[in-house]
Structure formats: structure tokens, C-alpha cells
Amino acid sequence: MTDATRVEWREWGREAFAEADERDRPVLLSLSATWCEGCHEMDATTYAEPRVAANVNEWFVPVRVDVDRRPRVRERYNMGGFPTTAFLTPDGELLTGAGYLGVDGMRQVLESVHRMWDDEGREAGRIPRALNGDRPPAGELSEAVESHLAGQLENKYDAEYAGWGTDAKFPLPRTVEFALKRDRDRALRTLDAVRDHLADEVDGGFFRFAGERDWSDVAYEKPADANAAVTRAFANAYLYTGEEVYREPAAAAVEFLTDDLWTGYGVGGSLGPGLGRAYYAAPAEERAELDSPRRDLTVLAGANALAADALLAFAAYTDDDRSREYAERVLDGLERDLVDPDSGVVTHYRPAGGDDGAGDDAPEDLLEDVSRVVGAYVRAAGVLGEGADVARAVADRAIEELHVDGSFVDGPRSGAGLLDRPFRPLDGNVELASALVDLAALTGEDRYREVARETAESFAGATDRLGVQVAGYGSLVGRLLRGTTVIAVGTEPRSDLHRAAWRVADHEKVVVPNAHREDAPAPRTVPEGSAVVIASDDVSAPATTPDELMARVAETVE
């Protein structure tokens, strides 16, 4: 039992569900996070109320899950936000659920579910539609996919306040990146709103979202993965515009990731609200007198890979040594603790402190992790000249273990609850397929592109139902149809030609350094000291200076 809540929480796993089966009780699943202000409020009020705790302990088998450590549980049982309170059968099927519940609301729900269980028992359970075993609707890839999603950028755009939608506003960094090449004004206006409302001007970094259409009612939470993704979006905006108003927020977020969240061997999971609005509303000179926000120093593989990707992008565009140094440290930490460069196994997390390793409890081979790891190491190969072998190993294992019937499932098809049911998230499939397209461009190995194409085709039949939240799917399809621009540089990294290649205004390009070597990671070599631009079947003449390279890009890329 935890003193804070009075509830006798069990760990997620087969033992808890076996107990529910033996006692013939439903499972009360609490999905929580260190950064979640409402989760801590529920612990301090709702679960601390003696009658609520007594009913929970008597009528249910209560299970507490950290959504960052168990994303597959999060995706299967999330009721639209956190905290989530879900009620399950002993087989893991869903009975009902809700979000934040106060004392009175919780008592009503507990009594209602208790009656339901007495009346209907396990027959009341259901399997969520996304887990019913149906494959996504496949179709042909065409320009209509990208056009539809580009149209959604306009149709769903909030012309008054910027961003997309008319409810809560999220940064949607991947949507912004899609728009940077196709609807730049709306992309930049959205980043302006993110900078003005969600950037922490004192400590750096970005808050997770705003609760209102006008970007007010800010949720003062800073998860590492959200910060890394938004940092990369600002860096890419700087790539296209050269404007300091996009470089500066990215630079402040880099400092936040590598200082406030730095564990000594990686980036920690999140910075929570702590005193929440009181702390973040205070001016800089008063914050030092207040209690610091809650800090979760769990090192998550996917979040760290995404952070390395963002740091390397910022370093490549700006020559920022701090970003490069910390990206290398993050990658070293991943290979030491969470990524096996030989087998390609990716372990989801390393606990705060790091002394005990990741532990047997940490999941392995999760789609959200492997997609980001492949992407980070492809970026590392392009910026640092190293990383292609790790990207290959992780990609090969992901294809072998997770690519089932044409698309990727979110992890190994085993575990408690409904974890044995295949789930094919579109965003995770897009992220990994996009990384495979990059890996194919880097290495010249078409097999990665073929898997990416098959994956994209597996969702093409649902194009008319897709919205701006998955706009990255349009980018993936466009690249599969038109090809990826590759700049092969016959020099070591950080030469003038290599730096110029990274400054070409296309964040979807792939840069291949050391392309003059016989062991270059692609079946194409260029004369030492020169660079060539490859777009579709067109290969430019060699360029030997940055100015010549820019001219070759203009000649070769439509």
C-alpha cells in the first residue's frame, strides 16, 4: 500500500490479472505520469479519501501504470488523456473508463462498475476497435494522399490564433515540418504561437499543450520527447528562414534538454508541474525561492533518440558545439545501456540513477523506440559520419520482429491484458517507414525502401479519413513517389562542403559524408573533395565549393 493514496496498487503484469481472475474482480487501471498534474491531484485527494480507497481495494484489483514506461498499455487503454481510470475484465477487455475523477465522481463510478460487474460479469467487456484484428485498409500510393493532407493544413487551420483545430492546441511538430515545405506561412505562424505561449522564457524548453483555442490555459509539463520534437521543428524552421526568432527558442530548448533534464548519461523523461502555475508564473528572480518542479530522470530510449536527432539537426544547421557534444553523449549512452548494436535489440528505459541497469521489467522492441533510434542513427551517419551500422541492425530486427502482414505492430505480441493483440498505430508506422526511406537513401539498400513502401500502402485506403495530426504520412508518400534528395559529399564531416550540404533548405534530404571512400555506406562514390546531388535518377556534376553545390542543387532538384 502507498501512504499517499491508501490504495493497494499492484504492478502491471500477469500476476495482477491472475489475481483478478481468481478473486473474480475487475481490474482498476490507473494510467499516470510523473509530469501529469492531474494525476498527482487525484492521488492527493481522490485516492487518499478513505471510503474511495476502501471500495477500490475491496471491489477491484488496482493496478498503477506509468504511461512513459509502458506506452503499449497507454495506447490500449487511454481514455483521452491523463490521468485515465480504466476498468478491465480479468482478461484485459475494457468495461468502461474516465479521465480525472474527483471524490464524488469516483464514488459514483466505482458503484456503477461494481453493479455492472454483479449484473453482467465478464460479458460486459469489449475489445477496442483498434485491437479487433482487422488490418488497416490498403491502397495504391498516389499524389492524392499528399494533396489531401496538404488540403487539411488549410481546412483545419485556425486563422485567428494559428495552429490547427478549435479546441486545445498542441504544437504538432511533425505537422509543422510537413507544412514547412508545403504551407510555410501557416507553419511559421504556428511556431510563432508555440514560441509566444508554450516556450518557457525563463528556463527554456516547451510546455506540452494549451487547453484553449487561443493558446491559454497552459499545461505546465515538459516531457523530453515532446521537447525534442518541437526543438527539431524550430531548427528546421531556422534552416528554411535563417531567422533568429526560430533559432533562439531551439537553442534555449537544447540547453533545457542538456541541463535541466540531463542525468549524466542521457536525457531524463520529463519535468512536471511541481507547484504548477505558481512556479511558472513567477519571474526568474522568484523561481529560485520556490520548490522545483517534479523531475523524472528515467532515460527512455525513444525520447533520447529523438533528442539526439534534434541536437544533431541543430548542430548541423548552426555549428553549435554543445548540441553536437551532447548528441554524441546521448548516442554513447544509448549504445551502452539501451541499444545492442549487434542484435538490434532496443530496451525501452533505464531507471533514474542508472545503477541497476534497465531491469528485466523494461519492455523491448517497441515501435516508438526503434523508429526513433533508426532515425537518430541515420542522422548521426550524416552529421558525424558514424551510425549507419547501428541503424541497419535496429531496422533489420524491427522488420523481422514487428513487420506483420504489411505493416508494423507496436511491439511484441505478448503480455498481460490486451498486449497480445496486434495494434498498428499509423503515426508509429509513418515514423519508422520514414526512417527506413532515409536509411535506404543513406546506404543505397533498396530493401528498406521496399518495406517502407509496403507499409505506406497498407494505410492508403484510409486517406480520406486522415487529418493534420498524421500529416507526416503525406510526406512519406511524397518521398516514396518522387524520391529523396541525397547529397553525397567526398570529404570528412565538418568540411565546408559538408556544412553547406546540411544548409540546403530541405529538411527531408539525406547527407552522406565520406562518399569518396571505397567503404562508403552507399554504392556510389564521388571524387574526393567534391559533392554531387542525386534527385530521383538525376545526378549532378561534381561541385567543389559551397557556392557550386548550391548551384548544383538548383539545377538538379525541381
# chains A, B, ... in the order shown; residues from 1 in each chain; ligands from 1
>>> residues_around(residues="A:Pro71", least_positions_apart="2", cutoff="10 Å", atoms="only C-alpha atoms", output="VMD selection string")
chain A and resid 65 to 69 73 to 76 78 348 363 366 to 368 410 to 411
>>> residues_around(residues="stretch 303-316 of chain A", least_positions_apart="2", cutoff="8 Å", atoms="only C-alpha atoms", output="VMD selection string")
chain A and resid 224 to 225 228 to 229 231 to 232 235 to 236 250 254 257 266 to 267 269 299 to 301 318 to 324 326 to 328 330 to 331 334 369 372 to 373 375 to 377 379 to 380 383 499 502 to 503
>>> closest_residue(among="A:Gly415, A:Pro351, A:Gly121, A:Gly461", to="A:Glu140", atoms="only C-alpha atoms")
A:Gly461
>>> residues_around(residues="A:Tyr246", least_positions_apart="3", cutoff="9 Å", atoms="only C-alpha atoms", output="list in words")
Leu188, Leu191, Asp192, Arg195, Phe234, Ala235, Asn236, Ala237, Tyr238, Thr241, Gly242, Glu243, Pro249, Ala250 and Ala251 of chain A
>>> write_last_selection(atoms="C-alpha atoms", output="PDB file, in the first residue's frame")
ATOM      1  CA  LEU A 188       5.719  29.608 -39.237  1.00  0.00           C
ATOM      2  CA  LEU A 191       5.628  28.128 -34.471  1.00  0.00           C
ATOM      3  CA  ASP A 192       5.238  31.797 -33.589  1.00  0.00           C
ATOM      4  CA  ARG A 195       7.077  30.297 -29.085  1.00  0.00           C
ATOM      5  CA  PHE A 234      12.169  25.084 -34.725  1.00  0.00           C
ATOM      6  CA  ALA A 235      15.600  24.072 -36.028  1.00  0.00           C
ATOM      7  CA  ASN A 236      14.055  23.133 -39.366  1.00  0.00           C
ATOM      8  CA  ALA A 237      12.225  26.452 -39.493  1.00  0.00           C
ATOM      9  CA  TYR A 238      15.587  28.157 -38.989  1.00  0.00           C
ATOM     10  CA  THR A 241      14.313  31.072 -42.986  1.00  0.00           C
ATOM     11  CA  GLY A 242      17.650  31.831 -41.356  1.00  0.00           C
ATOM     12  CA  GLU A 243      15.715  33.898 -38.808  1.00  0.00           C
ATOM     13  CA  PRO A 249      13.834  29.001 -28.944  1.00  0.00           C
ATOM     14  CA  ALA A 250      15.592  25.913 -30.287  1.00  0.00           C
ATOM     15  CA  ALA A 251      18.840  26.962 -28.607  1.00  0.00           C
TER      16      ALA A 251
END
>>> atom_distance(atom1="atom CA of A:Ala441", atom2="atom CA of A:Pro412")
28.0 Å
>>> atom_distance(atom1="atom CA of A:Gly472", atom2="atom CA of A:Ala433")
10.6 Å
>>> closest_residue(among="A:Gly406, A:Gly490, A:Gly483, A:Gly382", to="A:Val510", atoms="only C-alpha atoms")
A:Gly382
>>> closest_residue(among="A:Asp183, A:Glu143, A:Asp340, A:Asp24", to="A:Tyr157", atoms="only C-alpha atoms")
A:Asp183
>>> residues_around(residues="A:Thr455", least_positions_apart="6", cutoff="10 Å", atoms="only C-alpha atoms", output="PyMOL selection string")
chain A and resi 138+403-408+426+429-430+432-433+449
>>> write_last_selection(atoms="N, CA and C atoms", output="mmCIF file, in the first residue's frame")
data_model
loop_
_atom_site.group_PDB
_atom_site.id
_atom_site.type_symbol
_atom_site.label_atom_id
_atom_site.label_comp_id
_atom_site.auth_asym_id
_atom_site.auth_seq_id
_atom_site.Cartn_x
_atom_site.Cartn_y
_atom_site.Cartn_z
ATOM 1 N N ALA A 138 -5.747 -1.082 -47.162
ATOM 2 C CA ALA A 138 -4.621 -0.821 -48.065
ATOM 3 C C ALA A 138 -5.102 -0.109 -49.333
ATOM 4 N N HIS A 403 7.252 -6.332 -38.352
ATOM 5 C CA HIS A 403 6.562 -6.119 -39.631
ATOM 6 C C HIS A 403 5.726 -7.356 -39.929
ATOM 7 N N VAL A 404 4.413 -7.212 -39.765
ATOM 8 C CA VAL A 404 3.488 -8.338 -39.866
ATOM 9 C C VAL A 404 2.367 -7.976 -40.833
ATOM 10 N N ASP A 405 2.192 -8.792 -41.883
ATOM 11 C CA ASP A 405 1.103 -8.569 -42.840
ATOM 12 C C ASP A 405 1.117 -7.162 -43.409
ATOM 13 N N GLY A 406 2.304 -6.672 -43.737
ATOM 14 C CA GLY A 406 2.408 -5.437 -44.496
ATOM 15 C C GLY A 406 2.629 -4.173 -43.725
ATOM 16 N N SER A 407 2.503 -4.205 -42.400
ATOM 17 C CA SER A 407 2.749 -3.004 -41.608
ATOM 18 C C SER A 407 3.326 -3.400 -40.254
ATOM 19 N N PHE A 408 3.704 -2.398 -39.469
ATOM 20 C CA PHE A 408 4.372 -2.652 -38.194
ATOM 21 C C PHE A 408 3.377 -2.660 -37.038
ATOM 22 N N LEU A 426 -0.775 4.328 -36.875
ATOM 23 C CA LEU A 426 -0.326 4.965 -38.106
ATOM 24 C C LEU A 426 0.881 5.859 -37.859
ATOM 25 N N ASN A 429 3.996 3.779 -37.554
ATOM 26 C CA ASN A 429 4.352 3.222 -38.854
ATOM 27 C C ASN A 429 4.970 4.279 -39.756
ATOM 28 N N VAL A 430 4.414 5.474 -39.735
ATOM 29 C CA VAL A 430 4.958 6.554 -40.555
ATOM 30 C C VAL A 430 6.367 6.911 -40.101
ATOM 31 N N LEU A 432 8.637 5.050 -38.515
ATOM 32 C CA LEU A 432 9.634 4.044 -38.871
ATOM 33 C C LEU A 432 9.805 3.956 -40.380
ATOM 34 N N ALA A 433 8.714 3.982 -41.145
ATOM 35 C CA ALA A 433 8.841 3.915 -42.595
ATOM 36 C C ALA A 433 9.646 5.105 -43.122
ATOM 37 N N ARG A 449 13.645 0.676 -48.539
ATOM 38 C CA ARG A 449 12.625 1.469 -49.221
ATOM 39 C C ARG A 449 11.420 0.600 -49.591
#
>>> residues_around(residues="A:Arg552", least_positions_apart="4", cutoff="7 Å", atoms="only C-alpha atoms", output="list in words")
Val533, Ser540, Glu548 and Thr556 of chain A
>>> residues_around(residues="A:Ala199", least_positions_apart="3", cutoff="10 Å", atoms="only C-alpha atoms", output="list of chain:residue names")
A:Ala193, A:Val194, A:Arg195, A:Asp196, A:Val202, A:Asp203, A:Gly204, A:Gly205, A:Phe206, A:Phe207, A:Arg208, A:Asn227, A:Pro249, A:Ala250, A:Ala252, A:Ala253
>>> residues_around(residues="stretch 39-49 of chain A", least_positions_apart="3", cutoff="7 Å", atoms="only C-alpha atoms", output="ChimeraX atom specification")
/A:4-7,32-33,36,52-53,82-83,102-103
>>> write_last_selection(atoms="C-alpha atoms", output="PDB file, in the first residue's frame")
ATOM      1  CA  ALA A   4      -0.051   8.790  -0.302  1.00  0.00           C
ATOM      2  CA  THR A   5      -3.143   7.162  -1.777  1.00  0.00           C
ATOM      3  CA  ARG A   6      -4.219   4.402   0.664  1.00  0.00           C
ATOM      4  CA  VAL A   7      -4.772   2.187  -2.381  1.00  0.00           C
ATOM      5  CA  SER A  32      -0.436   8.108 -14.599  1.00  0.00           C
ATOM      6  CA  ALA A  33       2.743  10.065 -15.320  1.00  0.00           C
ATOM      7  CA  CYS A  36       0.860  14.874 -15.026  1.00  0.00           C
ATOM      8  CA  VAL A  52     -12.788   5.584  -2.033  1.00  0.00           C
ATOM      9  CA  ALA A  53      -9.635   3.662  -1.165  1.00  0.00           C
ATOM     10  CA  PHE A  82      -4.165  11.565 -18.207  1.00  0.00           C
ATOM     11  CA  PRO A  83      -4.980  10.620 -15.595  1.00  0.00           C
ATOM     12  CA  GLY A 102     -12.895  13.835  -8.004  1.00  0.00           C
ATOM     13  CA  VAL A 103     -14.048  12.094  -4.835  1.00  0.00           C
TER      14      VAL A 103
END
>>> atom_distance(atom1="atom CA of A:Gly38", atom2="atom CA of A:Ala288")
24.2 Å
>>> select_by_dssp(residues="stretch 338-428 of chain A", states="strand (DSSP E or B)", output="list of chain:residue names")
A:Val339, A:Val346, A:Thr347, A:Tyr349, A:Arg350, A:Glu364, A:His403, A:Val404, A:Ser407, A:Phe408
>>> write_last_selection(atoms="C-alpha atoms", output="mmCIF file, in the first residue's frame")
data_model
loop_
_atom_site.group_PDB
_atom_site.id
_atom_site.type_symbol
_atom_site.label_atom_id
_atom_site.label_comp_id
_atom_site.auth_asym_id
_atom_site.auth_seq_id
_atom_site.Cartn_x
_atom_site.Cartn_y
_atom_site.Cartn_z
ATOM 1 C CA VAL A 339 20.629 -0.351 -27.773
ATOM 2 C CA VAL A 346 16.244 -1.773 -28.080
ATOM 3 C CA THR A 347 15.301 -1.705 -24.378
ATOM 4 C CA TYR A 349 14.144 2.567 -20.449
ATOM 5 C CA ARG A 350 16.832 2.792 -17.831
ATOM 6 C CA GLU A 364 11.979 -4.335 -25.574
ATOM 7 C CA HIS A 403 6.562 -6.119 -39.631
ATOM 8 C CA VAL A 404 3.488 -8.338 -39.866
ATOM 9 C CA SER A 407 2.749 -3.004 -41.608
ATOM 10 C CA PHE A 408 4.372 -2.652 -38.194
#
